[in-house]
Each structure stands twice: as structure tokens, then as C-alpha cells.
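Here is the structure we will look at.
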Amino acid sequence: MGKTIAEKIIAEHCGKDVKPGDIVVAKVDVSMVQDGTGPLSVQELQKMDMESVVNPERTILFLDHASPSPRKELSNAHIILRKFAEKTGAYLSEIGEGVCHQRLVETFVNPGEIVVGADSHTCTAGALGAFATGMGSTDVALAFALGKVWLRVPPTFKFIINGEPKKGVYSKDIILYIIGMIGADGATYKAMEFTGDTVSNCSMESRFVFSNMSVEAGAKAGLIPTDDVTKAYLESRGRGDKYREIHADDDANYEKVFNIDASKIEPLVSLPHKVDNTKPISEAKGIKINQVYIGTCTNGRLEDLSVAASILKGKKRHPRVRLIVVPASREVYLNALKEGFIETFVEAGANVLAPGCGPCVGVHEGALGDGEVVLSTQNRNFKGRMGNPEGFIYLSSPATAAYSAIRGEISDPREVLT
Amino acid sequence: MILKGKVWKFGDDISTDHIAPGRLFHLRTNLPELAKHVLEDADPDFAKKVKPGDIIAGGKNFGLGSSREHAPRIIKISGVTCILAKSFARIFYRNAINVGLPVLEVDTVRIDEGDELEINLNTGKIKNLTKNEELTASQIPPFMLKIIEDGGIEEHIKKYGDFQL
């Protein structure tokens, strides 16, 4: 019997053949925490008298959720992580370096590896053909100290996506379509594999969006086979030697297979308060908005900022709309500066903030007021997500978000895209 | 392991933002204080009403969203001894097991707020003492039950020095 990507990678890391449902102990290649989850990991290791890491260069602590810190409690949480880095040699990614998931793919993760992170969107790195999954603080703390985790081998759902997306349709719209179709728990405990011409034709940056949002369908991992695009990405990052072919066997056993025609998908929007509450833009058009947020581990990369800048060039934000732009990493920020995108955003009336999670997690930098509406390029629109349970969060692609910021209401980007 | 307690009922899709919202991010290093806000965005008075030994019954996809382990931890600190739900989000389920908070998958439609339940974790049998009915939950896999019985993954590691599958 052939194997899925998840089965192959897990088997390699536990030294034996595996099948879905097996519980195994697997070796971990990269492990990470962020400033919201990491302090608890450190405290747990201290309680267990295990305050050490087995693989310091690949144990990473990210200060990204409260970056820079808005209050003393969080500054003190940052101190816990800085001290732990000093003591153990773990790598510290300081405030402003960027969102953990973007930094991981830029610098740390390679095909075929197992990555565990105390952050649900750790699945982002699955686009590089790595088995990357989110866990809690204690699980990751143990991965720091022991270099391994316990895992239940997931069954896999395969998504074969073919067809050329229409103008104004991006990987964000396609993944929102999939989540709308299978539901926010449609892939719970499963691995998702994304294949087909549409995926192969996507840039690496677009592929990260599929993997990033897999967890919004409940999945444990969102995996994409590696190819020339993966190879070129790794080469551009100085890790060409780490390239490996990672793909499922032709006779792999999938729990379900979905065929999706991307050419039939329209720009989509997720309505409050669930990601799977997706509607075609035609049904959300005209909803008045108070804030637009372009950024995050989902859509804060150079390609996203490029699309947004092309729409905002020479235009102004609607007077009612606060426009917030947060590049996903320092490198994305620098490249956006060189390309002139940042100037375009500032001229359009945007607040460009330090690389990090920004307002997405409701910690700072754009919490909503009562009854206010935001259109965001982030991955999640749960009640209270952006700092206020009385706020309303809509999700879209960067193109839809940028055009809506000009119009002051949710608007169809196809009206301006050429 | 037998648990007995009174039910607090919640609906579908209770997210980790309902349980431990992002606006209280700064309280994550102070769990007893964060626990005073447990499930605040689903029921603002829950933290005041809940008593040690109580049980939560949710709908489908309980605990969806973030990886924050603080969510099951503050539910445990609040005194809740077990969560029943039609289904759980994956990371929440794992975290609950790791912190030693039993989570059982069962159709909760026949369970109402205030019902007295008696739960056998080993067999998955749930007696509804109020309604005089019996339900059967999906069994917790043996390794996960062992973690719960050890008192959480931390105690498990202290006891064995490694994962004992």
C-alpha cells in the first residue's frame, strides 16, 4: 500500500512503518513557541527541572504577538523568553523580526521535516513539504527538552485543484471556498494534501495561504508536494541543498478525495463569526467598514503587499476607514520599501506598523470598538478575536481588502483589476 | 475513574477566544487571574457560577482556534472535571489531555444544563442521573487515558522520564 505525505514523513521520524490512527513518538526537527504561548512552556520546563534544549539552533522563540509590547505584563513575558534563550542557546527572534510562521519558512524549515509549534498556524510550513503542526505549550516544551513528541498519525484528505483562477481570485479565495465547502471542522484530526495544476502554478507565497488556513478546517497539517517552485524558493533563501522531493505515492490511501475547479470560484468573503461562513463577494458587497487590515501570517507577504499597492497607488483610504498594513517580516518590510509599496501605503493614508501579528490577535494595534466592522486579510474571524466581542470581522484576499479600503465598504476588486 | 457532577451547557463552535480571549493576553502568565474570565465571551457570568466538580457539555467543534493551552488550563482551574462535546478541535483536545482534563466525545443533545451526570472514563459510559438515561462516549485511546490518569503529561514524564506508549 502506498503512503501519503504525512505517513511518509512521520514514518521516517519514528523509524517504522505507520498507518492512520497509530500513536507514535517522533523525532522533531524544528520546534518553536511565541510570546503568548512560550512563557508557559518555560515555566513548565522549570517546574519539571528540565530547562534545557537538545537542538538550540532549531529551537526558536518568537516575540511577535505583542510586538512591540503594549504593557508591562507582556514586557515581563518577553523577559522570560529572552532569559531562556540566554540560558539554553535557543534562537530568539526579537520584536519586529516578523511573524513566527513567515520567519520559519524564510529561514528554518526544509522539506521532509517535522515542525512543532505552540501556535495553531504552524501548519503554514506544510507548503514546503514539511509535516508542521500546532500544539500546546507543554507539548512544545517537551519537544525542546527531549527532541520528540507523541503523535497520532492522521488520515489524509486530498484536494485536487485544477483550472485557471479568474481575475481577482487568489489562493485566499480558493482556501476560503474549500473551508466553506467542508466546514470549520470538516478536516478535524486529518492532514490535508493540496495538489493539481492550480497549486503547481502558484508561487510559494500563494501556497503558504493554503497550508496556513488548513487549521481553519480543523486539520492537523496542510501539505503540498515539493517541486521546482519549492526548489527555487529554497535556493533563493540559501537552502537549495535542503531540497528534497516530497510527494505521496500514486496508490496512497486517502480517506476522501475532493476535485475542485478553481476557474469557477469567485472572490469570497467570510462573514462573522466563523471562517466557514463564506459568501461570494456579490452577497457581501456594500457592507460599511471602519477598518481594513492587510497583513498577518496568511497574507502579509511581498506578493500580497504588491497586489494591495497596485490597487492603492495614487488613491486614498475612505475617510471612515482606518487602514493598517503590517508586513509579515522584516525582510518583507525591506523588500516592500525597495519596491515603493510602503510609500504607496503611507500616501494612501495607511498606518504601516512593525512586522508582527498586529491587530489579528486582539492584543494591540487596532482593537475594534463596539459595533465596528473590519475587513481583514487574516485567517480567523471568531467573536472577540480582534480585542472586542462586540466587533465584526470579515475575511478576504488583499485585493478585496485594498479596494474596499478606498470605497469604505466591502467591494469587488474585479472592478479595478486589469 | 468515575466523575460525578452538574452540567453547564454550551453550544457549537466554542472557540479558544470564547474561553480565553486575546484581549486578556497579558494575563496568560497569571492563570488564576485569567481563570476569573474563563468562557467570558460565551457566558459572562460563568466564572462566578461554576463550582468544583461541575461538568461542561458543549456541541460540535469545542475549542476550535488557537493552540493556547491556557484555555483548558483555566477550565480546569475553575473546578470543571470533564468536558463532553459532540466533537473537539484537535489542539484543544490534545491540550486538555496533556493538562489532565478529561474530554469525551458524545452526542450531547439529550444533556441539559443542570443535569447530574456520572461518568466512567474507562468505559465511556455516562449515566444521566437526572433523566435516568445512559449514553456511551467514544473511548479515550489507552495512551491518552494513561496521561489523564497520571495527572497530565508533565506528571507522566516525571514518572517515566519519557513518553510511555
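Labeling convention for the C-alpha cells: chains A, B, ... as they appear, residues from 1 per chain, ligands from 1 in order of appearance.
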Closest-contact table, chain A side, partner chain B, 6 Å, counting only C-alpha atoms, as CSV:
residue,atom,partner,partner_atom,distance
A:Glu73,CA,B:His26,CA,5.5
A:Leu74,CA,B:His26,CA,5.5
A:Asp119,CA,B:Ser67,CA,5.1
A:Ser120,CA,B:Ser67,CA,4.8
A:Met135,CA,B:Ser67,CA,5.7
A:Gly136,CA,B:Glu69,CA,5.1
A:Tyr189,CA,B:Arg90,CA,5.7
A:Val361,CA,B:Gly22,CA,5.7
A:Gly362,CA,B:Gly22,CA,5.1
A:Val363,CA,B:Arg23,CA,5.3
A:Gly387,CA,B:Arg23,CA,4.7
For the residues in the current selection, export C-alpha atoms as a tab-separated table (two decimals), in the first residue's frame.
chain	number	residue	atom	x	y	z
A	73	GLU	CA	2.88	42.18	31.87
A	74	LEU	CA	3.79	41.36	28.28
A	119	ASP	CA	0.74	28.25	17.64
A	120	SER	CA	-2.14	26.84	15.64
A	135	MET	CA	0.42	22.04	19.68
A	136	GLY	CA	0.20	23.40	23.20
A	189	TYR	CA	-7.73	15.36	13.06
A	361	VAL	CA	-4.89	38.56	17.90
A	362	GLY	CA	-6.59	41.43	19.71
A	363	VAL	CA	-3.58	42.35	21.82
A	387	GLY	CA	-9.91	42.52	21.05
Secondary structure check, strand (DSSP E) residues of chain B, as a PyMOL selection string:
chain B and resi 2-9+55-57+82-85+103-105+116-120+125-128+133-136
With C-alpha atoms kept, could you save the residues just selected as a JSON list (two decimals), in the first residue's frame?
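As written to disk, part05.json reads:
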[["chain", "number", "residue", "atom", "x", "y", "z"],
["B", 2, "ILE", "CA", -15.61, 7.84, 37.97],
["B", 3, "LEU", "CA", -16.63, 11.51, 37.89],
["B", 4, "LYS", "CA", -19.91, 12.92, 39.13],
["B", 5, "GLY", "CA", -21.19, 16.46, 38.67],
["B", 6, "LYS", "CA", -23.66, 19.02, 37.41],
["B", 7, "VAL", "CA", -23.76, 20.20, 33.81],
["B", 8, "TRP", "CA", -23.19, 23.62, 32.27],
["B", 9, "LYS", "CA", -24.39, 23.53, 28.66],
["B", 55, "ILE", "CA", -19.04, 19.31, 34.03],
["B", 56, "ILE", "CA", -19.22, 21.16, 30.71],
["B", 57, "ALA", "CA", -21.32, 19.80, 27.85],
["B", 82, "CYS", "CA", -14.63, 16.90, 32.49],
["B", 83, "ILE", "CA", -15.79, 18.28, 29.13],
["B", 84, "LEU", "CA", -18.26, 16.39, 26.99],
["B", 85, "ALA", "CA", -18.84, 17.50, 23.41],
["B", 103, "VAL", "CA", -12.54, 15.20, 27.30],
["B", 104, "LEU", "CA", -15.14, 12.78, 25.93],
["B", 105, "GLU", "CA", -16.83, 12.73, 22.54],
["B", 116, "GLU", "CA", -26.45, 15.43, 37.20],
["B", 117, "LEU", "CA", -24.09, 13.02, 35.41],
["B", 118, "GLU", "CA", -21.94, 10.11, 36.48],
["B", 119, "ILE", "CA", -19.09, 9.44, 34.02],
["B", 120, "ASN", "CA", -16.90, 6.33, 33.83],
["B", 125, "LYS", "CA", -20.46, 5.16, 29.96],
["B", 126, "ILE", "CA", -22.31, 8.28, 31.07],
["B", 127, "LYS", "CA", -25.30, 7.99, 33.40],
["B", 128, "ASN", "CA", -27.67, 10.95, 33.33],
["B", 133, "GLU", "CA", -30.67, 7.69, 30.86],
["B", 134, "GLU", "CA", -27.36, 6.21, 29.77],
["B", 135, "LEU", "CA", -25.08, 7.45, 26.98],
["B", 136, "THR", "CA", -21.89, 5.96, 25.61]]
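The gap separating atom CA of Val321 of chain A from atom CA of Arg407 of chain A is 8.9 Å, in Å to one decimal.
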Of the candidates B:Pro52, B:Gly59, B:Pro44, B:Gly11, which one gets nearest to Thr108 of chain B if we count only C-alpha atoms?
B:Gly59
Within segment 17-74 of chain A, find each residue whose DSSP state, derived from the backbone, is helix (DSSP H, G or I), and express the selection as a list in words.
Gly38, Pro39, Leu40, Ser41, Val42, Gln43, Glu44, Leu45, Gln46, Lys47, Pro56, Glu57, Arg58, Lys72, Glu73 and Leu74 of chain A
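From atom CA of Glu44 of chain A back to atom CA of Ala141 of chain A, the distance works out to 7.2 Å.
Between atom CA of Val169 of chain A and atom CA of Thr107 of chain A the interatomic distance comes to 28.7 Å.
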Hey, what's within 9 Å of segment 234-241 of chain A if we count only C-alpha atoms and toss same-chain stuff fewer than 3 positions away? As JSON, numbers by chain, please?
{"A": [106, 107, 110, 128, 229, 230, 231, 244]}
With C-alpha atoms retained, could you export that selection as a PDB file, in the first residue's frame?
ATOM      1  CA  GLU A 106      12.057  32.147   5.307  1.00  0.00           C
ATOM      2  CA  THR A 107      14.869  30.773   7.421  1.00  0.00           C
ATOM      3  CA  ASN A 110      13.028  22.310   4.995  1.00  0.00           C
ATOM      4  CA  LEU A 128       7.340  23.367   1.888  1.00  0.00           C
ATOM      5  CA  VAL A 229       8.863  26.151  -7.256  1.00  0.00           C
ATOM      6  CA  THR A 230       9.812  24.818  -3.809  1.00  0.00           C
ATOM      7  CA  LYS A 231      13.358  24.253  -5.034  1.00  0.00           C
ATOM      8  CA  ARG A 244      14.047  17.013  -1.369  1.00  0.00           C
TER       9      ARG A 244
END
List the spatial neighbours of Ala118 of chain A as a compact mmCIF listing (two decimals) with C-alpha atoms, in the first residue's frame - criterion: any atom at most 7 Å away, only C-alpha atoms, same-chain residues fewer than 6 positions off excluded.
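Wrote part-v3.txt, looks like this:
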# COMPACT_ATOMS: atom_id res chain seq x y z
CA MET A 32 9.05 26.92 18.34
CA VAL A 33 6.94 28.99 20.70
CA GLN A 34 5.76 32.59 20.55
CA THR A 37 2.50 30.51 24.49
CA GLY A 134 0.38 23.30 16.10
CA MET A 135 0.42 22.04 19.68
CA GLY A 136 0.20 23.40 23.20
CA SER A 137 2.91 24.97 25.34
CA VAL A 140 6.43 22.00 22.60
CA SER B 67 -3.18 26.47 20.35
Looking at only C-alpha atoms, which of B:Ser138, B:Asn132, B:Ser78, B:Asn122 is the one that sits closest to Glu33 of chain B?
B:Ser78
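Proximity of A:Thr122, A:Ser203, A:Cys357, A:Ile114 to Asp35 of chain A, computed with only C-alpha atoms, is greatest for A:Cys357.
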